[in-house]
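Participant: Here you go, this is my_file.cif (mmCIF, C-alpha atoms (C1' of nucleotides)).
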```cif
data_work
loop_
_atom_site.group_PDB
_atom_site.id
_atom_site.type_symbol
_atom_site.label_atom_id
_atom_site.label_comp_id
_atom_site.auth_asym_id
_atom_site.auth_seq_id
_atom_site.Cartn_x
_atom_site.Cartn_y
_atom_site.Cartn_z
ATOM 1 C CA MET I 28 11.037 22.660 -11.482
ATOM 2 C CA ILE I 29 9.834 25.847 -9.812
ATOM 3 C CA HIS I 30 7.901 26.730 -12.910
ATOM 4 C CA GLU I 31 6.173 23.350 -13.138
ATOM 5 C CA LEU I 32 5.326 23.515 -9.476
ATOM 6 C CA LYS I 33 3.789 26.914 -9.829
ATOM 7 C CA SER I 34 1.696 26.086 -12.837
ATOM 8 C CA ASN I 35 0.136 23.139 -11.001
ATOM 9 C CA TYR I 36 0.121 24.160 -7.358
ATOM 10 C CA ARG I 37 0.148 27.942 -7.205
ATOM 11 C CA GLN I 38 -3.495 27.910 -6.147
ATOM 12 C CA PHE I 39 -2.625 25.797 -3.105
ATOM 13 C CA PHE I 40 0.805 26.815 -1.827
ATOM 14 C CA GLU I 41 2.401 30.056 -0.750
ATOM 15 C CA GLU I 42 5.633 31.239 -2.308
ATOM 16 C CA ASP I 43 7.936 30.089 0.507
ATOM 17 C CA LEU I 44 6.500 26.615 0.507
ATOM 18 C CA ILE I 45 6.896 26.199 -3.219
ATOM 19 C CA GLU I 46 10.546 27.118 -2.906
ATOM 20 C CA GLU I 47 11.034 24.666 -0.088
ATOM 21 C CA ILE I 48 9.341 21.896 -2.037
ATOM 22 C CA ALA I 49 11.670 22.627 -4.912
ATOM 23 C CA ARG I 50 14.651 22.362 -2.549
ATOM 24 C CA VAL I 51 13.886 19.053 -0.858
ATOM 25 C CA GLY I 52 11.820 17.296 -3.500
ATOM 26 C CA THR I 53 13.155 15.309 -6.407
ATOM 27 C CA ILE I 54 11.588 15.078 -9.821
ATOM 28 C CA LYS I 55 10.803 11.592 -10.978
ATOM 29 C CA GLU I 56 9.629 10.601 -14.413
ATOM 30 C CA VAL I 57 8.266 7.132 -14.885
ATOM 31 C CA PRO I 58 6.985 5.343 -17.985
ATOM 32 C CA GLN I 59 3.531 3.872 -18.424
ATOM 33 C CA GLY I 60 3.092 0.670 -16.481
ATOM 34 C CA PHE I 61 5.767 1.474 -13.904
ATOM 35 C CA HIS I 62 5.024 0.052 -10.466
ATOM 36 C CA LEU I 63 5.378 2.987 -8.106
ATOM 37 C CA ILE I 64 4.581 1.014 -5.003
ATOM 38 C CA GLU I 65 3.457 -2.486 -4.050
ATOM 39 C CA ILE I 66 1.379 -3.589 -1.122
ATOM 40 C CA GLY I 67 3.515 -4.090 1.934
ATOM 41 C CA GLN I 68 6.294 -1.767 0.849
ATOM 42 C CA TYR I 69 7.290 1.050 3.149
ATOM 43 C CA VAL I 70 6.200 4.540 2.222
ATOM 44 C CA ARG I 71 9.086 6.970 2.312
ATOM 45 C CA TYR I 72 7.970 9.655 -0.081
ATOM 46 C CA MET I 73 4.879 11.632 -0.686
ATOM 47 C CA PRO I 74 4.206 12.133 -4.385
ATOM 48 C CA LEU I 75 2.857 15.296 -5.965
ATOM 49 C CA LEU I 76 1.604 14.672 -9.470
ATOM 50 C CA LEU I 77 2.721 17.058 -12.186
ATOM 51 C CA GLU I 78 1.739 15.211 -15.325
ATOM 52 C CA GLY I 79 0.076 11.972 -16.239
ATOM 53 C CA ALA I 80 -2.118 9.659 -14.224
ATOM 54 C CA ILE I 81 -1.674 6.888 -11.687
ATOM 55 C CA LYS I 82 -4.067 4.067 -10.988
ATOM 56 C CA ILE I 83 -4.557 2.930 -7.439
ATOM 57 C CA MET I 84 -5.351 -0.744 -7.007
ATOM 58 C CA ARG I 85 -6.372 -2.846 -4.076
ATOM 59 C CA ASP I 86 -5.364 -6.488 -4.101
ATOM 60 C CA ASP I 87 -7.094 -9.281 -2.306
ATOM 61 C CA HIS I 88 -5.389 -12.317 -0.797
ATOM 62 C CA ASP I 89 -5.000 -14.536 -3.868
ATOM 63 C CA GLY I 90 -4.114 -12.418 -6.826
ATOM 64 C CA GLU I 91 -7.505 -10.782 -7.310
ATOM 65 C CA GLU I 92 -7.327 -7.075 -7.901
ATOM 66 C CA LEU I 93 -9.636 -4.112 -8.094
ATOM 67 C CA LEU I 94 -9.216 -0.606 -9.405
ATOM 68 C CA LEU I 95 -9.959 1.979 -6.728
ATOM 69 C CA TYR I 96 -9.448 5.272 -8.534
ATOM 70 C CA PHE I 97 -7.137 7.299 -10.704
ATOM 71 C CA LEU I 98 -4.876 10.082 -9.526
ATOM 72 C CA GLU I 99 -4.485 12.972 -11.925
ATOM 73 C CA LYS I 100 -2.564 16.201 -12.238
ATOM 74 C CA GLY I 101 -2.614 18.158 -8.975
ATOM 75 C CA ASP I 102 -3.538 15.121 -6.923
ATOM 76 C CA THR I 103 -1.558 13.388 -4.285
ATOM 77 C CA CYS I 104 -1.836 10.049 -2.593
ATOM 78 C CA ALA I 105 -4.002 9.840 0.487
ATOM 79 C CA MET I 106 -2.293 6.704 1.715
ATOM 80 C CA THR I 107 0.975 8.525 2.236
ATOM 81 C CA MET I 108 -0.746 11.210 4.264
ATOM 82 C CA THR I 109 -1.996 8.756 6.846
ATOM 83 C CA CYS I 110 1.566 7.679 7.390
ATOM 84 C CA CYS I 111 3.145 10.882 8.677
ATOM 85 C CA MET I 112 4.061 9.185 11.881
ATOM 86 C CA GLY I 113 6.475 6.327 11.821
ATOM 87 C CA GLU I 114 7.094 3.781 9.148
ATOM 88 C CA THR I 115 3.936 2.481 7.569
ATOM 89 C CA LYS I 116 3.414 -0.158 4.958
ATOM 90 C CA SER I 117 1.367 0.616 1.894
ATOM 91 C CA GLU I 118 -2.093 -0.884 1.740
ATOM 92 C CA ILE I 119 -2.412 -0.269 -1.965
ATOM 93 C CA ARG I 120 -0.649 -0.700 -5.257
ATOM 94 C CA ALA I 121 0.145 2.274 -7.466
ATOM 95 C CA ILE I 122 0.903 1.860 -11.154
ATOM 96 C CA ALA I 123 1.570 4.597 -13.683
ATOM 97 C CA GLU I 124 -1.426 4.657 -15.997
ATOM 98 C CA THR I 125 0.327 6.948 -18.446
ATOM 99 C CA ASP I 126 3.837 8.355 -18.603
ATOM 100 C CA THR I 127 3.985 10.335 -15.428
ATOM 101 C CA LYS I 128 6.039 13.122 -13.913
ATOM 102 C CA LEU I 129 5.956 13.655 -10.179
ATOM 103 C CA ILE I 130 7.779 15.254 -7.296
ATOM 104 C CA MET I 131 8.825 13.034 -4.452
ATOM 105 C CA ILE I 132 8.875 14.654 -1.044
ATOM 106 C CA PRO I 133 10.493 12.822 1.867
ATOM 107 C CA ILE I 134 7.798 12.173 4.446
ATOM 108 C CA GLU I 135 9.932 13.626 7.252
ATOM 109 C CA LYS I 136 9.103 17.046 5.858
ATOM 110 C CA MET I 137 5.392 16.578 6.156
ATOM 111 C CA GLU I 138 5.203 16.998 9.891
ATOM 112 C CA SER I 139 7.197 20.197 10.117
ATOM 113 C CA TRP I 140 5.364 21.699 7.156
ATOM 114 C CA THR I 141 2.063 20.995 8.827
ATOM 115 C CA VAL I 142 3.149 23.278 11.637
ATOM 116 C CA LYS I 143 4.922 25.802 9.469
ATOM 117 C CA TYR I 144 2.624 26.352 6.509
ATOM 118 C CA LYS I 145 -1.056 26.951 6.693
ATOM 119 C CA SER I 146 -1.455 26.239 2.981
ATOM 120 C CA TRP I 147 0.108 22.837 3.481
ATOM 121 C CA ARG I 148 -2.331 21.961 6.249
ATOM 122 C CA ASN I 149 -5.206 22.989 4.054
ATOM 123 C CA PHE I 150 -3.863 21.061 1.122
ATOM 124 C CA VAL I 151 -3.466 17.888 3.162
ATOM 125 C CA PHE I 152 -6.965 18.122 4.588
ATOM 126 C CA GLU I 153 -8.464 19.067 1.263
ATOM 127 C CA SER I 154 -6.757 16.205 -0.589
ATOM 128 C CA TYR I 155 -7.761 13.809 2.101
ATOM 129 C CA HIS I 156 -11.341 14.857 1.707
ATOM 130 C CA VAL I 157 -11.300 14.599 -2.083
ATOM 131 C CA ARG I 158 -9.718 11.139 -1.955
ATOM 132 C CA LEU I 159 -12.275 9.929 0.535
ATOM 133 C CA MET I 160 -15.108 11.186 -1.649
ATOM 134 C CA GLU I 161 -13.667 9.419 -4.671
ATOM 135 C CA LEU I 162 -13.297 6.250 -2.719
ATOM 136 C CA LEU I 163 -16.908 6.488 -1.593
ATOM 137 C CA GLU I 164 -17.954 6.967 -5.185
ATOM 138 C CA THR I 165 -16.131 3.796 -6.137
ATOM 139 C CA VAL I 166 -17.694 1.896 -3.269
ATOM 140 C CA ASP I 167 -21.129 3.076 -4.380
ATOM 141 C CA LYS I 168 -20.465 1.936 -7.922
ATOM 142 C CA ILE I 169 -19.410 -1.503 -6.791
ATOM 143 C CA ALA I 170 -22.305 -1.841 -4.369
ATOM 144 C CA PHE I 171 -25.160 -0.412 -6.409
ATOM 145 C CA LEU I 172 -24.295 -0.573 -10.091
ATOM 146 C CA LYS I 173 -24.508 -3.626 -12.290
ATOM 147 C CA MET I 174 -21.451 -4.641 -14.191
ATOM 148 C CA ASP I 175 -22.628 -3.034 -17.433
ATOM 149 C CA GLN I 176 -22.895 0.347 -15.720
ATOM 150 C CA ARG I 177 -19.554 -0.114 -14.007
ATOM 151 C CA LEU I 178 -17.953 -0.856 -17.343
ATOM 152 C CA VAL I 179 -19.378 2.331 -18.827
ATOM 153 C CA GLU I 180 -18.074 4.348 -15.880
ATOM 154 C CA TYR I 181 -14.708 2.692 -16.287
ATOM 155 C CA LEU I 182 -14.560 3.571 -19.975
ATOM 156 C CA LYS I 183 -15.426 7.183 -19.207
ATOM 157 C CA ASP I 184 -12.641 7.349 -16.633
ATOM 158 C CA LYS I 185 -10.145 5.870 -19.048
ATOM 159 C CA VAL I 186 -10.992 8.373 -21.745
ATOM 160 C CA LYS I 187 -10.652 11.177 -19.229
ATOM 161 C CA VAL I 188 -7.266 10.305 -17.775
ATOM 162 C CA HIS I 189 -5.723 9.449 -21.126
ATOM 163 C CA GLU I 190 -7.328 12.384 -22.920
ATOM 164 C CA ASP I 191 -7.839 9.977 -25.785
ATOM 165 C CA GLN I 192 -10.860 8.248 -27.312
ATOM 166 C CA ILE I 193 -8.728 5.178 -27.938
ATOM 167 C CA ILE I 194 -8.396 2.823 -25.010
ATOM 168 C CA LYS I 195 -5.434 0.541 -25.426
ATOM 169 C CA SER I 196 -6.484 -2.324 -23.223
ATOM 170 C CA THR I 197 -7.469 -5.910 -23.780
ATOM 171 C CA HIS I 198 -10.720 -7.296 -22.462
ATOM 172 C CA GLN I 199 -8.713 -9.357 -20.015
ATOM 173 C CA GLU I 200 -7.003 -6.313 -18.519
ATOM 174 C CA ILE I 201 -10.310 -4.542 -18.047
ATOM 175 C CA ALA I 202 -11.722 -7.653 -16.424
ATOM 176 C CA TYR I 203 -8.867 -7.702 -13.909
ATOM 177 C CA GLU I 204 -9.368 -4.064 -12.970
ATOM 178 C CA LEU I 205 -13.107 -4.501 -12.439
ATOM 179 C CA ASN I 206 -12.534 -7.845 -10.778
ATOM 180 C CA THR I 207 -14.667 -9.907 -13.125
ATOM 181 C CA SER I 208 -14.074 -12.393 -15.926
ATOM 182 C CA ARG I 209 -12.954 -11.650 -19.440
ATOM 183 C CA VAL I 210 -16.013 -13.259 -20.989
ATOM 184 C CA VAL I 211 -18.327 -10.913 -19.150
ATOM 185 C CA ILE I 212 -16.411 -7.892 -20.415
ATOM 186 C CA SER I 213 -16.360 -9.214 -23.974
ATOM 187 C CA ARG I 214 -20.113 -9.685 -23.964
ATOM 188 C CA LEU I 215 -20.866 -6.316 -22.429
ATOM 189 C CA LEU I 216 -18.519 -4.574 -24.828
ATOM 190 C CA LYS I 217 -20.236 -6.332 -27.702
ATOM 191 C CA THR I 218 -23.605 -4.953 -26.689
ATOM 192 C CA LEU I 219 -22.054 -1.504 -26.277
ATOM 193 C CA GLU I 220 -20.762 -1.836 -29.799
ATOM 194 C CA HIS I 221 -24.266 -2.594 -31.037
ATOM 195 C CA LYS I 222 -25.445 0.544 -29.279
ATOM 196 C CA LYS I 223 -22.801 2.500 -31.207
ATOM 197 C CA VAL I 224 -21.003 3.489 -28.013
ATOM 198 C CA VAL I 225 -17.691 1.853 -28.851
ATOM 199 C CA GLU I 226 -15.860 0.259 -31.741
ATOM 200 C CA LEU I 227 -14.073 -2.971 -30.925
ATOM 201 C CA ASN I 228 -10.691 -3.858 -32.322
ATOM 202 C CA ARG I 229 -7.909 -6.139 -31.314
ATOM 203 C CA ASN I 230 -5.900 -4.598 -28.473
ATOM 204 C CA TYR I 231 -7.780 -1.349 -28.415
ATOM 205 C CA ILE I 232 -11.267 0.080 -28.074
ATOM 206 C CA LYS I 233 -12.436 3.253 -29.733
ATOM 207 C CA VAL I 234 -15.011 5.210 -27.797
ATOM 208 C CA ILE I 235 -17.569 6.835 -30.072
ATOM 209 C CA GLY I 236 -19.675 8.544 -27.436
ATOM 210 C CA PHE I 237 -21.996 7.859 -24.560
ATOM 211 C CA ASP I 238 -24.936 9.754 -26.041
ATOM 212 C CA HIS I 239 -26.851 6.661 -27.102
ATOM 213 C CA LEU I 240 -27.373 5.411 -23.584
ATOM 214 C "C1'" DA H 17 8.025 -15.663 -47.444
ATOM 215 C "C1'" DC H 18 6.339 -19.345 -44.707
ATOM 216 C "C1'" DA H 19 5.198 -22.090 -40.617
ATOM 217 C "C1'" DT H 20 4.517 -22.233 -35.822
ATOM 218 C "C1'" DT H 21 2.999 -20.391 -31.514
ATOM 219 C "C1'" DA H 22 0.835 -17.354 -28.503
ATOM 220 C "C1'" DA H 23 -2.600 -14.000 -27.403
ATOM 221 C "C1'" DT H 24 -7.000 -12.052 -28.061
ATOM 222 C "C1'" DT H 25 -11.766 -12.172 -28.946
ATOM 223 C "C1'" DG H 26 -16.463 -14.292 -29.983
ATOM 224 C "C1'" DT H 27 -19.917 -17.572 -28.934
ATOM 225 C "C1'" DG H 28 -22.449 -21.708 -27.428
ATOM 226 C "C1'" DT H 29 -23.480 -24.694 -23.581
ATOM 227 C "C1'" DA A 5 -17.966 -20.816 -15.362
ATOM 228 C "C1'" DC A 6 -15.996 -23.711 -18.995
ATOM 229 C "C1'" DA A 7 -14.744 -25.056 -23.593
ATOM 230 C "C1'" DC A 8 -13.655 -24.252 -28.080
ATOM 231 C "C1'" DA A 9 -13.292 -21.792 -32.691
ATOM 232 C "C1'" DA A 10 -11.716 -17.967 -35.252
ATOM 233 C "C1'" DT A 11 -8.768 -14.243 -35.927
ATOM 234 C "C1'" DT A 12 -4.688 -11.702 -35.454
ATOM 235 C "C1'" DA A 13 -0.045 -10.638 -33.838
ATOM 236 C "C1'" DA A 14 4.687 -12.196 -32.814
ATOM 237 C "C1'" DT A 15 8.559 -15.004 -33.623
ATOM 238 C "C1'" DG A 16 11.765 -17.995 -35.696
ATOM 239 C "C1'" DT A 17 13.711 -20.176 -39.785
#
```
Go through the file and emit its structure as structure tokens.
Facilitator:
Amino acid sequence: MIHELKSNYRQFFEEDLIEEIARVGTIKEVPQGFHLIEIGQYVRYMPLLLEGAIKIMRDDHDGEELLLYFLEKGDTCAMTMTCCMGETKSEIRAIAETDTKLIMIPIEKMESWTVKYKSWRNFVFESYHVRLMELLETVDKIAFLKMDQRLVEYLKDKVKVHEDQIIKSTHQEIAYELNTSRVVISRLLKTLEHKKVVELNRNYIKVIGFDHL
DNA sequence: ACATTAATTGTGT
DNA sequence: ACACAATTAATGT
């Protein structure tokens, strides 16, 4: 565990802190599709990502959902950081996008570490900033880009977090994550196929390249 | 191996 | 948005 921590977080944390994380944290490995947290659940741990990716979703009142952003290696969840004080319910839903390995730190530790370790303070502020920027980026996409552009951005993200040109999703799943209808996605994908950007198959999409855009 | 059903995708209105 | 056809995968017998 120490070794994995160091390879991912040595740039951020001092030696003492890494050892303490190793002492109080627990390793958790979850399979693809695992629901890490639902809206309304209490946050008791702060996750540090070691491997894999997590998608963060926002749900609206009646079953509509929207993908906010992906968390990748070296990231942590900004929601948990707002909840240092007291018991707070999660505002978001976190689902493992790939098989994922993470360290769970009890949130009680966060407060004392903030006082004790400078590197921890920096890390928390830094992560908070990065998350906020990503969220802004997503907001911009939703506000200013048409659906065809959003779909392209989505495909790029997928390829990145999976490190794979093959996207194993159905049109319906993509539609849910972008909060639109399946038919719209099917049509847009079809035109992307004509532009030689993707190759459509049942249950998966092969990304050729975004050069022809 | 075959039939039935369900899920996925394509297309027209 | 809705409806429907076509294709493919999954399941049972």
Participant: Grab the CA of Leu77 (chain I) to CA of Gly236 (chain I) distance for me, in Å with one decimal place.
Facilitator: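 A separation of 28.4 Å between them.
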Participant: Can you check which residues of chain A have any atom within 12 Å of chain I? Use only C-alpha atoms (C1' of nucleotides) and format it as a VMD selection string.
Facilitator: chain A and resid 5 to 6 11 to 13
Participant: Check which residues satisfy the PyMOL selection byres ((chain H) within 8 of (chain I)) in the file shown, then give them as a PyMOL selection string.
Facilitator: chain H and resi 24-26
Participant: Might you spell out which residues the PyMOL selection byres ((chain I and resi 240) around 10) would select in the displayed file, as a list of chain:residue names?
Facilitator: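 Output of the PyMOL selection byres ((chain I and resi 240) around 10): I:Val179, I:Leu219, I:Lys222, I:Lys223, I:Val224, I:Gly236, I:Phe237, I:Asp238, I:His239.
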Participant: Determine the residue set returned by the PyMOL selection byres ((chain A and resi 7) around 12) for the present structure, and present it as a list in words.
Facilitator: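 Against this file, the PyMOL selection byres ((chain A and resi 7) around 12) returns the residues DT27, DG28 and DT29 of chain H; DA5, DC6, DC8 and DA9 of chain A.
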Participant: Provide the CA of Gln176 (chain I) to CA of Tyr203 (chain I) distance in Å, to one decimal place.
Facilitator: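 Calculated distance between CA of Gln176 (chain I) and CA of Tyr203 (chain I) is 16.3 Å.
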Participant: How far is it from CA of Glu153 (chain I) to CA of Phe39 (chain I), in Å with one decimal?
Facilitator: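 CA of Phe39 (chain I) lies at a distance of 9.9 Å from CA of Glu153 (chain I).
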Participant: Which polymer residues have any atom within 10 Å of an atom of region 120-129 of chain I, counting only C-alpha atoms (C1' of nucleotides), with same-chain residues fewer than 3 positions away left out, as a VMD selection string?
Facilitator: chain I and resid 32 52 to 68 73 to 86 92 94 to 95 97 to 101 103 to 104 117 132 185 188 to 189
Participant: Quick one: write out the picked residues with C-alpha atoms as a PDB file, keeping the file's coordinate frame?
Facilitator:
```
ATOM      1  CA  LEU I  32       5.326  23.515  -9.476  1.00  0.00           C
ATOM      2  CA  GLY I  52      11.820  17.296  -3.500  1.00  0.00           C
ATOM      3  CA  THR I  53      13.155  15.309  -6.407  1.00  0.00           C
ATOM      4  CA  ILE I  54      11.588  15.078  -9.821  1.00  0.00           C
ATOM      5  CA  LYS I  55      10.803  11.592 -10.978  1.00  0.00           C
ATOM      6  CA  GLU I  56       9.629  10.601 -14.413  1.00  0.00           C
ATOM      7  CA  VAL I  57       8.266   7.132 -14.885  1.00  0.00           C
ATOM      8  CA  PRO I  58       6.985   5.343 -17.985  1.00  0.00           C
ATOM      9  CA  GLN I  59       3.531   3.872 -18.424  1.00  0.00           C
ATOM     10  CA  GLY I  60       3.092   0.670 -16.481  1.00  0.00           C
ATOM     11  CA  PHE I  61       5.767   1.474 -13.904  1.00  0.00           C
ATOM     12  CA  HIS I  62       5.024   0.052 -10.466  1.00  0.00           C
ATOM     13  CA  LEU I  63       5.378   2.987  -8.106  1.00  0.00           C
ATOM     14  CA  ILE I  64       4.581   1.014  -5.003  1.00  0.00           C
ATOM     15  CA  GLU I  65       3.457  -2.486  -4.050  1.00  0.00           C
ATOM     16  CA  ILE I  66       1.379  -3.589  -1.122  1.00  0.00           C
ATOM     17  CA  GLY I  67       3.515  -4.090   1.934  1.00  0.00           C
ATOM     18  CA  GLN I  68       6.294  -1.767   0.849  1.00  0.00           C
ATOM     19  CA  MET I  73       4.879  11.632  -0.686  1.00  0.00           C
ATOM     20  CA  PRO I  74       4.206  12.133  -4.385  1.00  0.00           C
ATOM     21  CA  LEU I  75       2.857  15.296  -5.965  1.00  0.00           C
ATOM     22  CA  LEU I  76       1.604  14.672  -9.470  1.00  0.00           C
ATOM     23  CA  LEU I  77       2.721  17.058 -12.186  1.00  0.00           C
ATOM     24  CA  GLU I  78       1.739  15.211 -15.325  1.00  0.00           C
ATOM     25  CA  GLY I  79       0.076  11.972 -16.239  1.00  0.00           C
ATOM     26  CA  ALA I  80      -2.118   9.659 -14.224  1.00  0.00           C
ATOM     27  CA  ILE I  81      -1.674   6.888 -11.687  1.00  0.00           C
ATOM     28  CA  LYS I  82      -4.067   4.067 -10.988  1.00  0.00           C
ATOM     29  CA  ILE I  83      -4.557   2.930  -7.439  1.00  0.00           C
ATOM     30  CA  MET I  84      -5.351  -0.744  -7.007  1.00  0.00           C
ATOM     31  CA  ARG I  85      -6.372  -2.846  -4.076  1.00  0.00           C
ATOM     32  CA  ASP I  86      -5.364  -6.488  -4.101  1.00  0.00           C
ATOM     33  CA  GLU I  92      -7.327  -7.075  -7.901  1.00  0.00           C
ATOM     34  CA  LEU I  94      -9.216  -0.606  -9.405  1.00  0.00           C
ATOM     35  CA  LEU I  95      -9.959   1.979  -6.728  1.00  0.00           C
ATOM     36  CA  PHE I  97      -7.137   7.299 -10.704  1.00  0.00           C
ATOM     37  CA  LEU I  98      -4.876  10.082  -9.526  1.00  0.00           C
ATOM     38  CA  GLU I  99      -4.485  12.972 -11.925  1.00  0.00           C
ATOM     39  CA  LYS I 100      -2.564  16.201 -12.238  1.00  0.00           C
ATOM     40  CA  GLY I 101      -2.614  18.158  -8.975  1.00  0.00           C
ATOM     41  CA  THR I 103      -1.558  13.388  -4.285  1.00  0.00           C
ATOM     42  CA  CYS I 104      -1.836  10.049  -2.593  1.00  0.00           C
ATOM     43  CA  SER I 117       1.367   0.616   1.894  1.00  0.00           C
ATOM     44  CA  ILE I 132       8.875  14.654  -1.044  1.00  0.00           C
ATOM     45  CA  LYS I 185     -10.145   5.870 -19.048  1.00  0.00           C
ATOM     46  CA  VAL I 188      -7.266  10.305 -17.775  1.00  0.00           C
ATOM     47  CA  HIS I 189      -5.723   9.449 -21.126  1.00  0.00           C
TER      48      HIS I 189
END
```
Participant: Just checking: using all atoms listed in the file, which residue out of I:Glu180, I:Asp43, I:Glu204, I:Asp102 ends up closest to Asp167 (chain I)?
Facilitator: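 Closest to Asp167 (chain I) of all the choices is I:Glu180.
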Participant: Around region 5-16 of chain A, with edges along x, y and z and 4 Å added on all six sides, what centre and edge lengths do you get, in Å to one decimal, as lines of an AutoDock Vina configuration file?
Facilitator:
```
center_x = -3.1
center_y = -17.8
center_z = -25.6
size_x = 37.7
size_y = 22.4
size_z = 28.6
```
Participant: Which residues are close to Lys33 (chain I), i.e. within 8 Å by all atoms listed in the file, leaving aside same-chain residues fewer than 4 positions away? Reply as number ranges by chain.
Facilitator: I: 29, 37, 45
